[in-house]
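Asker: Below is the file start18.json, with JSON, C-alpha atoms.
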```json
[["chain", "number", "residue", "atom", "x", "y", "z"],
["A", 256, "MET", "CA", 96.97, 63.53, -83.10],
["A", 257, "SER", "CA", 93.70, 61.95, -84.21],
["A", 258, "LEU", "CA", 90.16, 60.77, -83.58],
["A", 259, "VAL", "CA", 88.68, 57.41, -84.58],
["A", 260, "ILE", "CA", 84.98, 56.96, -85.37],
["A", 261, "ILE", "CA", 83.72, 53.51, -84.33],
["A", 262, "ARG", "CA", 80.31, 52.90, -85.85],
["A", 263, "LYS", "CA", 79.81, 49.38, -87.07],
["A", 264, "THR", "CA", 76.87, 49.66, -89.47],
["A", 265, "ALA", "CA", 75.64, 53.23, -89.96],
["A", 266, "PRO", "CA", 77.23, 55.51, -92.60],
["A", 267, "VAL", "CA", 79.89, 57.97, -91.43],
["A", 268, "ALA", "CA", 80.31, 60.28, -94.44],
["A", 269, "ALA", "CA", 78.26, 63.03, -92.81],
["A", 270, "TRP", "CA", 80.43, 62.81, -89.69],
["A", 271, "LEU", "CA", 83.60, 63.10, -91.72],
["A", 272, "ASP", "CA", 82.29, 66.24, -93.44],
["A", 273, "ALA", "CA", 81.04, 67.81, -90.19],
["A", 274, "LEU", "CA", 84.25, 67.12, -88.27],
["A", 275, "ALA", "CA", 86.33, 68.49, -91.15],
["A", 276, "CYS", "CA", 84.49, 71.78, -90.70],
["A", 277, "ALA", "CA", 84.40, 71.82, -86.90],
["A", 278, "CYS", "CA", 87.91, 70.43, -86.32],
["A", 279, "PRO", "CA", 89.93, 71.20, -89.47],
["A", 280, "ASP", "CA", 93.26, 70.33, -87.84],
["A", 281, "LEU", "CA", 92.11, 66.95, -86.51],
["A", 282, "ASP", "CA", 92.98, 63.75, -88.35],
["A", 283, "VAL", "CA", 89.85, 61.58, -88.43],
["A", 284, "HIS", "CA", 89.83, 57.85, -89.16],
["A", 285, "VAL", "CA", 87.01, 55.31, -89.45],
["A", 286, "TRP", "CA", 87.44, 51.99, -87.65],
["A", 287, "PRO", "CA", 89.02, 49.58, -88.42],
["A", 288, "GLU", "CA", 91.42, 52.04, -90.06],
["A", 289, "THR", "CA", 93.13, 53.99, -87.26],
["A", 290, "GLY", "CA", 96.38, 55.45, -88.53],
["A", 291, "PRO", "CA", 99.21, 55.16, -85.99],
["A", 292, "ILE", "CA", 97.46, 53.75, -82.93],
["A", 293, "GLU", "CA", 99.64, 55.76, -80.54],
["A", 294, "ASP", "CA", 98.41, 59.01, -82.14],
["A", 295, "VAL", "CA", 94.73, 58.40, -81.32],
["A", 296, "GLU", "CA", 93.55, 60.85, -78.64],
["A", 297, "PHE", "CA", 89.79, 60.42, -78.93],
["A", 298, "VAL", "CA", 87.16, 57.95, -80.08],
["A", 299, "LEU", "CA", 83.64, 58.82, -81.19],
["A", 300, "THR", "CA", 81.64, 55.65, -80.82],
["A", 301, "TRP", "CA", 78.39, 53.79, -80.66],
["A", 302, "ALA", "CA", 78.43, 50.20, -79.43],
["A", 303, "ALA", "CA", 82.07, 49.41, -80.10],
["A", 304, "ASP", "CA", 82.92, 45.75, -79.64],
["A", 305, "ARG", "CA", 84.28, 44.91, -76.21],
["A", 306, "GLY", "CA", 88.00, 45.55, -75.99],
["A", 307, "VAL", "CA", 88.27, 47.84, -79.02],
["A", 308, "ILE", "CA", 88.46, 51.15, -77.12],
["A", 309, "ALA", "CA", 91.08, 49.74, -74.73],
["A", 310, "ARG", "CA", 93.46, 49.16, -77.64],
["A", 311, "PHE", "CA", 94.35, 52.84, -77.86],
["A", 312, "PRO", "CA", 97.16, 53.58, -75.37],
["A", 313, "ASN", "CA", 97.04, 57.39, -75.40],
["A", 314, "LEU", "CA", 93.33, 58.19, -75.29],
["A", 315, "LYS", "CA", 92.24, 61.44, -73.67],
["A", 316, "GLY", "CA", 88.50, 60.97, -73.99],
["A", 317, "ILE", "CA", 85.61, 58.86, -75.29],
["A", 318, "PHE", "CA", 82.62, 60.52, -76.97],
["A", 319, "SER", "CA", 79.28, 58.78, -77.33],
["A", 320, "LEU", "CA", 77.46, 59.22, -80.63],
["A", 321, "GLY", "CA", 74.19, 59.34, -78.70],
["A", 322, "ALA", "CA", 72.77, 60.57, -75.42],
["A", 323, "GLY", "CA", 73.28, 57.17, -73.78],
["A", 324, "VAL", "CA", 76.65, 55.95, -72.54],
["A", 325, "ASP", "CA", 75.78, 52.49, -71.21],
["A", 326, "HIS", "CA", 77.35, 50.95, -74.31],
["A", 327, "ILE", "CA", 80.69, 52.41, -73.16],
["A", 328, "LEU", "CA", 80.40, 51.92, -69.40],
["A", 329, "SER", "CA", 79.35, 48.29, -69.79],
["A", 330, "ASP", "CA", 82.72, 47.43, -71.38],
["A", 331, "PRO", "CA", 84.96, 46.36, -68.46],
["A", 332, "THR", "CA", 88.10, 46.80, -70.56],
["A", 333, "VAL", "CA", 87.65, 50.57, -70.88],
["A", 334, "PRO", "CA", 90.03, 52.29, -68.44],
["A", 335, "THR", "CA", 88.03, 53.90, -65.65],
["A", 336, "ASN", "CA", 90.21, 57.01, -65.62],
["A", 337, "LEU", "CA", 89.17, 58.02, -69.13],
["A", 338, "PRO", "CA", 86.58, 60.81, -69.44],
["A", 339, "VAL", "CA", 83.35, 59.68, -71.09],
["A", 340, "VAL", "CA", 81.25, 62.39, -72.73],
["A", 341, "ARG", "CA", 77.60, 61.95, -73.69],
["A", 342, "MET", "CA", 76.23, 63.65, -76.77],
["A", 343, "ILE", "CA", 74.37, 66.92, -76.29],
["A", 344, "ASP", "CA", 73.11, 67.89, -79.72],
["A", 345, "PRO", "CA", 70.36, 70.47, -80.35],
["A", 346, "SER", "CA", 68.99, 68.35, -83.20],
["A", 347, "LEU", "CA", 68.89, 65.23, -81.02],
["A", 348, "THR", "CA", 67.02, 67.18, -78.35],
["A", 349, "ARG", "CA", 64.57, 68.68, -80.85],
["A", 350, "ASN", "CA", 63.84, 65.29, -82.40],
["A", 351, "MET", "CA", 63.14, 63.76, -78.99],
["A", 352, "VAL", "CA", 60.78, 66.58, -78.05],
["A", 353, "GLN", "CA", 58.90, 66.13, -81.31],
["A", 354, "TYR", "CA", 58.49, 62.39, -80.76],
["A", 355, "VAL", "CA", 57.38, 62.62, -77.14],
["A", 356, "VAL", "CA", 54.91, 65.46, -77.74],
["A", 357, "LEU", "CA", 53.52, 63.70, -80.82],
["A", 358, "ALA", "CA", 52.94, 60.50, -78.86],
["A", 359, "ALA", "CA", 51.34, 62.36, -75.95],
["A", 360, "LEU", "CA", 49.04, 64.48, -78.12],
["A", 361, "ARG", "CA", 48.03, 61.53, -80.25],
["A", 362, "HIS", "CA", 46.82, 59.77, -77.10],
["A", 363, "HIS", "CA", 45.42, 62.75, -75.21],
["A", 364, "ARG", "CA", 43.51, 64.18, -78.17],
["A", 365, "ARG", "CA", 42.22, 60.67, -79.01],
["A", 366, "TRP", "CA", 43.50, 60.73, -82.55],
["A", 367, "GLU", "CA", 42.97, 57.03, -83.21],
["A", 368, "GLU", "CA", 39.36, 57.33, -82.10],
["A", 369, "MET", "CA", 38.78, 60.13, -84.60],
["A", 370, "LEU", "CA", 40.38, 58.09, -87.39],
["A", 371, "THR", "CA", 38.06, 55.21, -86.51],
["A", 372, "ASN", "CA", 35.10, 57.59, -86.64],
["A", 373, "GLN", "CA", 36.25, 58.88, -90.02],
["A", 374, "ARG", "CA", 36.34, 55.37, -91.47],
["A", 375, "ALA", "CA", 32.81, 54.83, -90.13],
["A", 376, "ARG", "CA", 31.70, 58.28, -91.42],
["A", 377, "ARG", "CA", 30.67, 59.06, -87.86],
["A", 378, "TRP", "CA", 30.57, 62.74, -86.83],
["A", 379, "GLN", "CA", 31.41, 62.48, -83.14],
["A", 380, "ARG", "CA", 33.60, 64.77, -81.12],
["A", 381, "PRO", "CA", 35.76, 62.89, -78.58],
["A", 382, "ASP", "CA", 35.54, 63.78, -74.92],
["A", 383, "VAL", "CA", 38.99, 65.22, -74.04],
["A", 384, "GLY", "CA", 39.70, 66.14, -70.42],
["A", 385, "PRO", "CA", 42.86, 67.50, -68.81],
["A", 386, "ALA", "CA", 45.95, 65.32, -68.62],
["A", 387, "ARG", "CA", 48.96, 65.56, -66.32],
["A", 388, "ILE", "CA", 52.40, 64.79, -67.69],
["A", 389, "GLY", "CA", 55.05, 62.98, -65.66],
["A", 390, "ILE", "CA", 58.64, 62.73, -66.89],
["A", 391, "LEU", "CA", 61.16, 60.25, -65.49],
["A", 392, "GLY", "CA", 64.64, 61.60, -66.14],
["A", 393, "MET", "CA", 65.10, 65.35, -65.93],
["A", 394, "GLY", "CA", 68.34, 65.74, -67.82],
["A", 395, "GLU", "CA", 68.81, 67.65, -71.06],
["A", 396, "LEU", "CA", 66.08, 65.74, -72.91],
["A", 397, "GLY", "CA", 63.62, 65.59, -70.03],
["A", 398, "GLN", "CA", 63.86, 69.30, -69.33],
["A", 399, "ALA", "CA", 63.38, 70.15, -73.01],
["A", 400, "CYS", "CA", 60.26, 67.99, -73.16],
["A", 401, "ALA", "CA", 58.96, 69.52, -69.93],
["A", 402, "ARG", "CA", 59.33, 73.04, -71.32],
["A", 403, "GLN", "CA", 57.39, 72.12, -74.45],
["A", 404, "PHE", "CA", 54.56, 70.53, -72.47],
["A", 405, "LEU", "CA", 54.40, 73.59, -70.22],
["A", 406, "SER", "CA", 54.08, 75.81, -73.29],
["A", 407, "LEU", "CA", 51.09, 73.71, -74.34],
["A", 408, "GLY", "CA", 49.38, 74.26, -71.02],
["A", 409, "TYR", "CA", 49.99, 70.88, -69.39],
["A", 410, "ALA", "CA", 50.72, 70.42, -65.71],
["A", 411, "VAL", "CA", 54.14, 68.75, -65.60],
["A", 412, "SER", "CA", 55.92, 66.83, -62.86],
["A", 413, "GLY", "CA", 59.33, 65.22, -63.09],
["A", 414, "TRP", "CA", 61.47, 62.74, -61.24],
["A", 415, "SER", "CA", 65.21, 62.34, -61.04],
["A", 416, "ARG", "CA", 67.68, 60.91, -58.56],
["A", 417, "ARG", "CA", 68.99, 64.34, -57.65],
["A", 418, "GLY", "CA", 65.75, 66.30, -57.81],
["A", 419, "ARG", "CA", 67.24, 69.47, -59.25],
["A", 420, "PRO", "CA", 64.61, 72.21, -59.53],
["A", 421, "VAL", "CA", 63.18, 73.04, -62.95],
["A", 422, "GLU", "CA", 61.10, 76.18, -63.38],
["A", 423, "GLY", "CA", 57.40, 75.43, -63.72],
["A", 424, "VAL", "CA", 57.83, 71.70, -62.99],
["A", 425, "GLU", "CA", 57.05, 69.91, -59.74],
["A", 426, "VAL", "CA", 60.21, 67.87, -59.32],
["A", 427, "PHE", "CA", 60.45, 64.77, -57.12],
["A", 428, "ALA", "CA", 63.48, 62.77, -56.03],
["A", 429, "GLY", "CA", 64.24, 59.46, -54.33],
["A", 430, "ASP", "CA", 62.09, 56.35, -53.99],
["A", 431, "ASP", "CA", 59.26, 58.13, -52.17],
["A", 432, "GLY", "CA", 59.33, 60.88, -54.77],
["A", 433, "LEU", "CA", 59.06, 58.33, -57.58],
["A", 434, "PHE", "CA", 55.76, 56.99, -56.30],
["A", 435, "ALA", "CA", 54.44, 60.52, -55.75],
["A", 436, "CYS", "CA", 55.36, 61.51, -59.30],
["A", 437, "LEU", "CA", 53.77, 58.40, -60.77],
["A", 438, "ALA", "CA", 50.55, 58.92, -58.83],
["A", 439, "GLN", "CA", 49.90, 62.19, -60.65],
["A", 440, "SER", "CA", 51.00, 61.16, -64.15],
["A", 441, "ASP", "CA", 48.18, 60.53, -66.60],
["A", 442, "ILE", "CA", 50.83, 60.33, -69.32],
["A", 443, "LEU", "CA", 54.20, 59.00, -68.19],
["A", 444, "VAL", "CA", 57.31, 59.70, -70.26],
["A", 445, "SER", "CA", 60.42, 57.65, -69.47],
["A", 446, "LEU", "CA", 63.69, 59.23, -70.60],
["A", 447, "LEU", "CA", 65.93, 57.70, -67.94],
["A", 448, "PRO", "CA", 69.48, 56.58, -68.71],
["A", 449, "GLN", "CA", 70.35, 52.89, -68.58],
["A", 450, "THR", "CA", 72.01, 52.10, -65.25],
["A", 451, "ALA", "CA", 71.87, 49.31, -62.70],
["A", 452, "ALA", "CA", 69.42, 51.45, -60.70],
["A", 453, "THR", "CA", 67.02, 52.02, -63.60],
["A", 454, "GLU", "CA", 66.95, 48.50, -65.03],
["A", 455, "ASN", "CA", 63.51, 46.92, -64.46],
["A", 456, "LEU", "CA", 62.35, 50.12, -62.75],
["A", 457, "LEU", "CA", 59.01, 50.08, -64.54],
["A", 458, "ASP", "CA", 57.49, 46.96, -63.03],
["A", 459, "ARG", "CA", 54.13, 46.06, -61.50],
["A", 460, "SER", "CA", 54.86, 47.96, -58.28],
["A", 461, "THR", "CA", 55.78, 51.23, -60.01],
["A", 462, "LEU", "CA", 53.44, 51.12, -63.00],
["A", 463, "GLY", "CA", 50.67, 50.19, -60.59],
["A", 464, "GLN", "CA", 51.07, 53.60, -58.94],
["A", 465, "LEU", "CA", 49.94, 55.33, -62.13],
["A", 466, "PRO", "CA", 46.32, 56.54, -62.25],
["A", 467, "GLN", "CA", 43.73, 54.27, -63.81],
["A", 468, "GLY", "CA", 43.90, 54.66, -67.59],
["A", 469, "ALA", "CA", 47.41, 56.13, -67.70],
["A", 470, "TYR", "CA", 49.48, 56.05, -70.88],
["A", 471, "LEU", "CA", 53.19, 55.17, -71.12],
["A", 472, "ILE", "CA", 55.77, 56.65, -73.50],
["A", 473, "ASN", "CA", 59.13, 54.91, -73.27],
["A", 474, "ALA", "CA", 61.88, 56.55, -75.31],
["A", 475, "GLY", "CA", 64.65, 55.95, -72.77],
["A", 476, "ARG", "CA", 65.81, 52.33, -72.70],
["A", 477, "GLY", "CA", 63.95, 49.06, -73.19],
["A", 478, "GLU", "CA", 65.65, 47.62, -70.11],
["A", 479, "HIS", "CA", 63.60, 49.95, -67.90],
["A", 480, "LEU", "CA", 60.40, 48.04, -68.61],
["A", 481, "VAL", "CA", 59.40, 44.68, -67.14],
["A", 482, "GLU", "CA", 57.41, 43.61, -70.17],
["A", 483, "ALA", "CA", 55.30, 40.90, -68.53],
["A", 484, "ASP", "CA", 54.21, 43.25, -65.73],
["A", 485, "PHE", "CA", 53.39, 45.98, -68.23],
["A", 486, "LEU", "CA", 51.29, 43.68, -70.42],
["A", 487, "ALA", "CA", 49.42, 42.36, -67.38],
["A", 488, "LEU", "CA", 48.48, 45.88, -66.27],
["A", 489, "LEU", "CA", 47.55, 46.83, -69.83],
["A", 490, "ASP", "CA", 45.32, 43.80, -70.34],
["A", 491, "ALA", "CA", 43.73, 44.33, -66.92],
["A", 492, "GLY", "CA", 42.71, 47.84, -67.98],
["A", 493, "HIS", "CA", 44.86, 49.71, -65.49],
["A", 494, "LEU", "CA", 46.89, 51.21, -68.34],
["A", 495, "ALA", "CA", 45.30, 52.58, -71.48],
["A", 496, "GLY", "CA", 48.20, 51.99, -73.81],
["A", 497, "ALA", "CA", 51.74, 52.88, -74.71],
["A", 498, "ALA", "CA", 54.10, 54.24, -77.32],
["A", 499, "LEU", "CA", 57.31, 52.22, -77.12],
["A", 500, "ASP", "CA", 60.46, 53.14, -79.02],
["A", 501, "VAL", "CA", 63.04, 51.04, -77.15],
["A", 502, "PHE", "CA", 63.11, 47.36, -76.26],
["A", 503, "TRP", "CA", 65.09, 44.68, -74.46],
["A", 504, "GLN", "CA", 65.87, 43.09, -77.80],
["A", 505, "GLU", "CA", 66.36, 45.19, -80.92],
["A", 506, "PRO", "CA", 65.21, 44.69, -83.59],
["A", 507, "LEU", "CA", 62.02, 43.59, -81.86],
["A", 508, "PRO", "CA", 61.43, 39.93, -82.80],
["A", 509, "PRO", "CA", 58.51, 39.38, -85.22],
["A", 510, "GLU", "CA", 56.77, 37.06, -82.73],
["A", 511, "HIS", "CA", 56.82, 39.62, -79.91],
["A", 512, "PRO", "CA", 53.31, 40.43, -78.59],
["A", 513, "PHE", "CA", 53.94, 44.18, -78.72],
["A", 514, "TRP", "CA", 53.65, 44.13, -82.51],
["A", 515, "THR", "CA", 50.01, 43.07, -82.54],
["A", 516, "HIS", "CA", 48.64, 44.55, -79.32],
["A", 517, "PRO", "CA", 45.94, 47.08, -80.25],
["A", 518, "ALA", "CA", 46.89, 49.48, -77.44],
["A", 519, "ILE", "CA", 50.63, 49.60, -78.19],
["A", 520, "THR", "CA", 52.39, 51.69, -80.80],
["A", 521, "VAL", "CA", 55.81, 50.27, -81.70],
["A", 522, "THR", "CA", 58.46, 52.48, -83.29],
["A", 523, "PRO", "CA", 61.94, 51.21, -84.27],
["A", 524, "HIS", "CA", 64.21, 53.17, -81.89],
["A", 525, "ALA", "CA", 63.49, 56.20, -84.02],
["A", 526, "ALA", "CA", 62.48, 58.79, -81.42],
["A", 527, "SER", "CA", 65.66, 60.77, -81.89],
["A", 528, "TRP", "CA", 69.05, 60.69, -83.51],
["A", 529, "THR", "CA", 72.26, 62.70, -83.57],
["A", 530, "VAL", "CA", 72.75, 65.02, -86.54],
["A", 531, "PRO", "CA", 76.46, 65.40, -87.38],
["A", 532, "ALA", "CA", 76.08, 68.91, -88.79],
["A", 533, "THR", "CA", 74.93, 70.21, -85.40],
["A", 534, "ALA", "CA", 76.66, 67.71, -83.10],
["A", 535, "ALA", "CA", 80.21, 68.17, -84.41],
["A", 536, "ALA", "CA", 80.47, 71.53, -82.63],
["A", 537, "GLN", "CA", 80.05, 69.79, -79.26],
["A", 538, "VAL", "CA", 82.74, 67.30, -80.16],
["A", 539, "ALA", "CA", 85.09, 70.16, -81.08],
["A", 540, "GLN", "CA", 84.34, 71.97, -77.80],
["A", 541, "ALA", "CA", 84.87, 68.80, -75.78],
["A", 542, "ILE", "CA", 88.21, 68.15, -77.49],
["A", 543, "GLU", "CA", 89.38, 71.66, -76.68],
["A", 544, "ALA", "CA", 88.26, 71.35, -73.05],
["A", 545, "LEU", "CA", 89.97, 68.01, -72.51],
["A", 546, "ARG", "CA", 93.18, 69.16, -74.12],
["A", 547, "ASN", "CA", 93.16, 72.14, -71.74],
["A", 548, "GLY", "CA", 92.48, 69.99, -68.70],
["A", 549, "LYS", "CA", 88.91, 71.25, -68.24],
["A", 550, "PRO", "CA", 85.68, 69.23, -67.86],
["A", 551, "PRO", "CA", 83.65, 69.27, -71.09],
["A", 552, "ARG", "CA", 79.92, 69.69, -71.27],
["A", 553, "GLY", "CA", 78.27, 66.29, -71.04],
["A", 554, "LEU", "CA", 80.99, 64.73, -68.90],
["A", 555, "VAL", "CA", 79.63, 61.51, -67.39],
["A", 556, "ASP", "CA", 79.73, 60.77, -63.68],
["A", 557, "ARG", "CA", 80.76, 57.12, -63.61],
["A", 558, "THR", "CA", 79.28, 56.61, -60.14],
["A", 559, "THR", "CA", 75.77, 57.34, -61.42],
["A", 560, "GLY", "CA", 76.20, 56.22, -65.03],
["A", 561, "TYR", "CA", 75.09, 59.51, -66.59]]
```
Is it possible to express this structure as structure tokens?

Answerer:
Amino acid sequence: MSLVIIRKTAPVAAWLDALACACPDLDVHVWPETGPIEDVEFVLTWAADRGVIARFPNLKGIFSLGAGVDHILSDPTVPTNLPVVRMIDPSLTRNMVQYVVLAALRHHRRWEEMLTNQRARRWQRPDVGPARIGILGMGELGQACARQFLSLGYAVSGWSRRGRPVEGVEVFAGDDGLFACLAQSDILVSLLPQTAATENLLDRSTLGQLPQGAYLINAGRGEHLVEADFLALLDAGHLAGAALDVFWQEPLPPEHPFWTHPAITVTPHAASWTVPATAAAQVAQAIEALRNGKPPRGLVDRTTGY
């Protein structure tokens, strides 16, 4: 039996090496080469073309190469009975924490202001007050970021649909909880999954609940943000700025106003990435669980989309 990696553009050599170590008895193919199609039990994929996954008649599971699974769930040809497993990789989590904390500290400690002062040879200490962190999406990545902010002495609140408690974090849930969380977030971090419920969530009505001068870090999905509403609030002075890593259209078109806005930092969907050397172990564990009829870690609830 075998696994097929479906990754249209990125290199796969590191995955082949990692899976050979983690799953030495597993035959691994790289799409479009599949070996006997009836032998394929699993696919490891990112953004497979519509209809490709459905071609395998004996699949036991679908593994996402990243934390998001919307690229799988949005394909109507994928059988709904197949388990979908999101990636939980310690390297992916660490990379996301680094990005989010870097973006928050750069804003809170007024790094750009100090660089401007350096260029002007101006010895002036910036006025830095306390800042409250709000995190939308309290899954694996959100909780890891929350723990790091807590260790740095920040007050942290979080919001999720289910509102599961997290030690040291004031957690909110539901629509009323969303507004309450936003109202006390001087720096807002969005790490939500892409679902029908989260698309366009960050619009004028929600972003307007943030305190005057709040800062946005979006490393979740570009589809969360209503760009026109965000720019209007930014230009009106309600928001101080943003670090944006994800966008409705990627690559971000050269004519897009985000590129040249002085209060926006654009990064090319580089907040985090899966490292095969550390992620292959989760794939191996998930394969073993599914073959034994047990739910693997990272199993997606199709009703919620994550």

Asker: Give me, please, the distance in Å between atom CA of A:Ala401 and atom CA of A:Arg364, quoted to one decimal.

Answerer: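 Between atom CA of A:Ala401 and atom CA of A:Arg364 the gap works out to 18.3 Å.
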
Asker: For a quick check of understanding, using all atoms listed in the file, which of A:Pro334, A:Gly432, A:Pro287, A:Gly397 has the smallest distance to A:Ala474?

Answerer: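 Checking each candidate against A:Ala474, we get A:Gly397 as the closest.
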
Asker: Take atom CA of A:Arg557 and atom CA of A:Tyr354 and report the distance between them in Å, one decimal.

Answerer: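 Here the two named atoms are 28.6 Å from each other.
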
Asker: For A:Gln353, find every residue with an atom within 9 Å (counting only C-alpha atoms), except residues of its own chain fewer than 5 positions away, and show them as a list in words.

Answerer: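 The residues satisfying every condition are Thr348, Ala358, Cys400, Ala526 and Ser527 of chain A.
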
Asker: Let me make sure I understand: among A:Val426, A:Leu480, A:Leu462, A:Val530, which one has the smallest atom-to-atom distance to A:Arg349 if we use all atoms listed in the file?

Answerer: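 Closest to A:Arg349, using all atoms listed in the file: A:Val530.
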
Asker: Rank A:Gly392, A:Pro291, A:Pro331, A:Gly468 by their smallest atom-to-atom distance to A:Leu489, using all atoms listed in the file, and report the top residue only.

Answerer: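 Once distances to A:Leu489 are computed over all atoms listed in the file, the minimum belongs to A:Gly468.
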
Asker: Atom CA of A:Leu405 and atom CA of A:Val355, how far apart in Å?

Answerer: 13.3 Å

Asker: Find, counting all atoms listed in the file, the residue in A:Thr450, A:Ala410, A:Arg387, A:Leu456 that gets nearest to A:Ala438.

Answerer: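 Using all atoms listed in the file, A:Ala438 sits closest to A:Arg387.
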
Asker: Tell me, as a ChimeraX atom specification, which residues lie within 12 Å of A:Glu367, counting only C-alpha atoms; anything in the same chain fewer than 2 positions away does not count.

Answerer: /A:358,360-365,369-374,381,496,517-520

Asker: Within 8 Å of A:Gly560, counting only C-alpha atoms, which residues show up once you throw out same-chain ones fewer than 3 positions away? Write them as a PyMOL selection string, please.

Answerer: chain A and resi 324-325+328+448-450+555-557

Asker: May I have the residues within 12 Å of A:Gly548 as a PyMOL selection string, using all atoms listed in the file and disregarding those fewer than 6 positions away in the same chain?

Answerer: chain A and resi 315-316+338+541-542

Asker: Assuming the input is short of atoms at stretch 529-544 of chain A, produce N, CA, C and O atoms for that part as an mmCIF file, keeping the file's coordinate frame.

Answerer:
```cif
data_model
loop_
_atom_site.group_PDB
_atom_site.id
_atom_site.type_symbol
_atom_site.label_atom_id
_atom_site.label_comp_id
_atom_site.auth_asym_id
_atom_site.auth_seq_id
_atom_site.Cartn_x
_atom_site.Cartn_y
_atom_site.Cartn_z
ATOM 1 N N THR A 529 71.251 61.640 -83.533
ATOM 2 C CA THR A 529 72.260 62.700 -83.570
ATOM 3 C C THR A 529 72.467 63.143 -85.016
ATOM 4 O O THR A 529 72.579 62.318 -85.921
ATOM 5 N N VAL A 530 72.519 64.449 -85.216
ATOM 6 C CA VAL A 530 72.750 65.020 -86.540
ATOM 7 C C VAL A 530 74.183 65.567 -86.580
ATOM 8 O O VAL A 530 74.501 66.518 -85.859
ATOM 9 N N PRO A 531 75.059 64.976 -87.384
ATOM 10 C CA PRO A 531 76.460 65.400 -87.380
ATOM 11 C C PRO A 531 76.666 66.896 -87.600
ATOM 12 O O PRO A 531 77.539 67.502 -86.974
ATOM 13 N N ALA A 532 75.881 67.494 -88.466
ATOM 14 C CA ALA A 532 76.080 68.910 -88.790
ATOM 15 C C ALA A 532 75.937 69.808 -87.577
ATOM 16 O O ALA A 532 76.579 70.867 -87.494
ATOM 17 N N THR A 533 75.099 69.402 -86.616
ATOM 18 C CA THR A 533 74.930 70.210 -85.400
ATOM 19 C C THR A 533 75.710 69.648 -84.222
ATOM 20 O O THR A 533 76.068 70.387 -83.305
ATOM 21 N N ALA A 534 75.987 68.336 -84.238
ATOM 22 C CA ALA A 534 76.660 67.710 -83.100
ATOM 23 C C ALA A 534 78.176 67.879 -83.133
ATOM 24 O O ALA A 534 78.837 67.811 -82.090
ATOM 25 N N ALA A 535 78.744 68.089 -84.299
ATOM 26 C CA ALA A 535 80.210 68.170 -84.410
ATOM 27 C C ALA A 535 80.767 69.321 -83.586
ATOM 28 O O ALA A 535 81.899 69.243 -83.087
ATOM 29 N N ALA A 536 79.994 70.383 -83.422
ATOM 30 C CA ALA A 536 80.470 71.530 -82.630
ATOM 31 C C ALA A 536 80.703 71.105 -81.182
ATOM 32 O O ALA A 536 81.670 71.560 -80.552
ATOM 33 N N GLN A 537 79.831 70.245 -80.630
ATOM 34 C CA GLN A 537 80.050 69.790 -79.260
ATOM 35 C C GLN A 537 81.298 68.941 -79.148
ATOM 36 O O GLN A 537 82.045 69.027 -78.179
ATOM 37 N N VAL A 538 81.531 68.109 -80.161
ATOM 38 C CA VAL A 538 82.740 67.300 -80.160
ATOM 39 C C VAL A 538 83.974 68.199 -80.168
ATOM 40 O O VAL A 538 84.929 67.983 -79.405
ATOM 41 N N ALA A 539 83.951 69.236 -81.005
ATOM 42 C CA ALA A 539 85.090 70.160 -81.080
ATOM 43 C C ALA A 539 85.310 70.867 -79.741
ATOM 44 O O ALA A 539 86.454 71.013 -79.276
ATOM 45 N N GLN A 540 84.222 71.295 -79.093
ATOM 46 C CA GLN A 540 84.340 71.970 -77.800
ATOM 47 C C GLN A 540 84.865 71.031 -76.730
ATOM 48 O O GLN A 540 85.670 71.426 -75.874
ATOM 49 N N ALA A 541 84.405 69.782 -76.772
ATOM 50 C CA ALA A 541 84.870 68.800 -75.780
ATOM 51 C C ALA A 541 86.346 68.485 -75.971
ATOM 52 O O ALA A 541 87.093 68.337 -74.987
ATOM 53 N N ILE A 542 86.793 68.388 -77.213
ATOM 54 C CA ILE A 542 88.210 68.150 -77.490
ATOM 55 C C ILE A 542 89.054 69.285 -76.928
ATOM 56 O O ILE A 542 90.071 69.059 -76.256
ATOM 57 N N GLU A 543 88.621 70.507 -77.186
ATOM 58 C CA GLU A 543 89.380 71.660 -76.680
ATOM 59 C C GLU A 543 89.426 71.659 -75.164
ATOM 60 O O GLU A 543 90.484 71.916 -74.555
ATOM 61 N N ALA A 544 88.287 71.368 -74.518
ATOM 62 C CA ALA A 544 88.260 71.350 -73.050
ATOM 63 C C ALA A 544 89.188 70.294 -72.493
ATOM 64 O O ALA A 544 89.970 70.562 -71.568
#
```
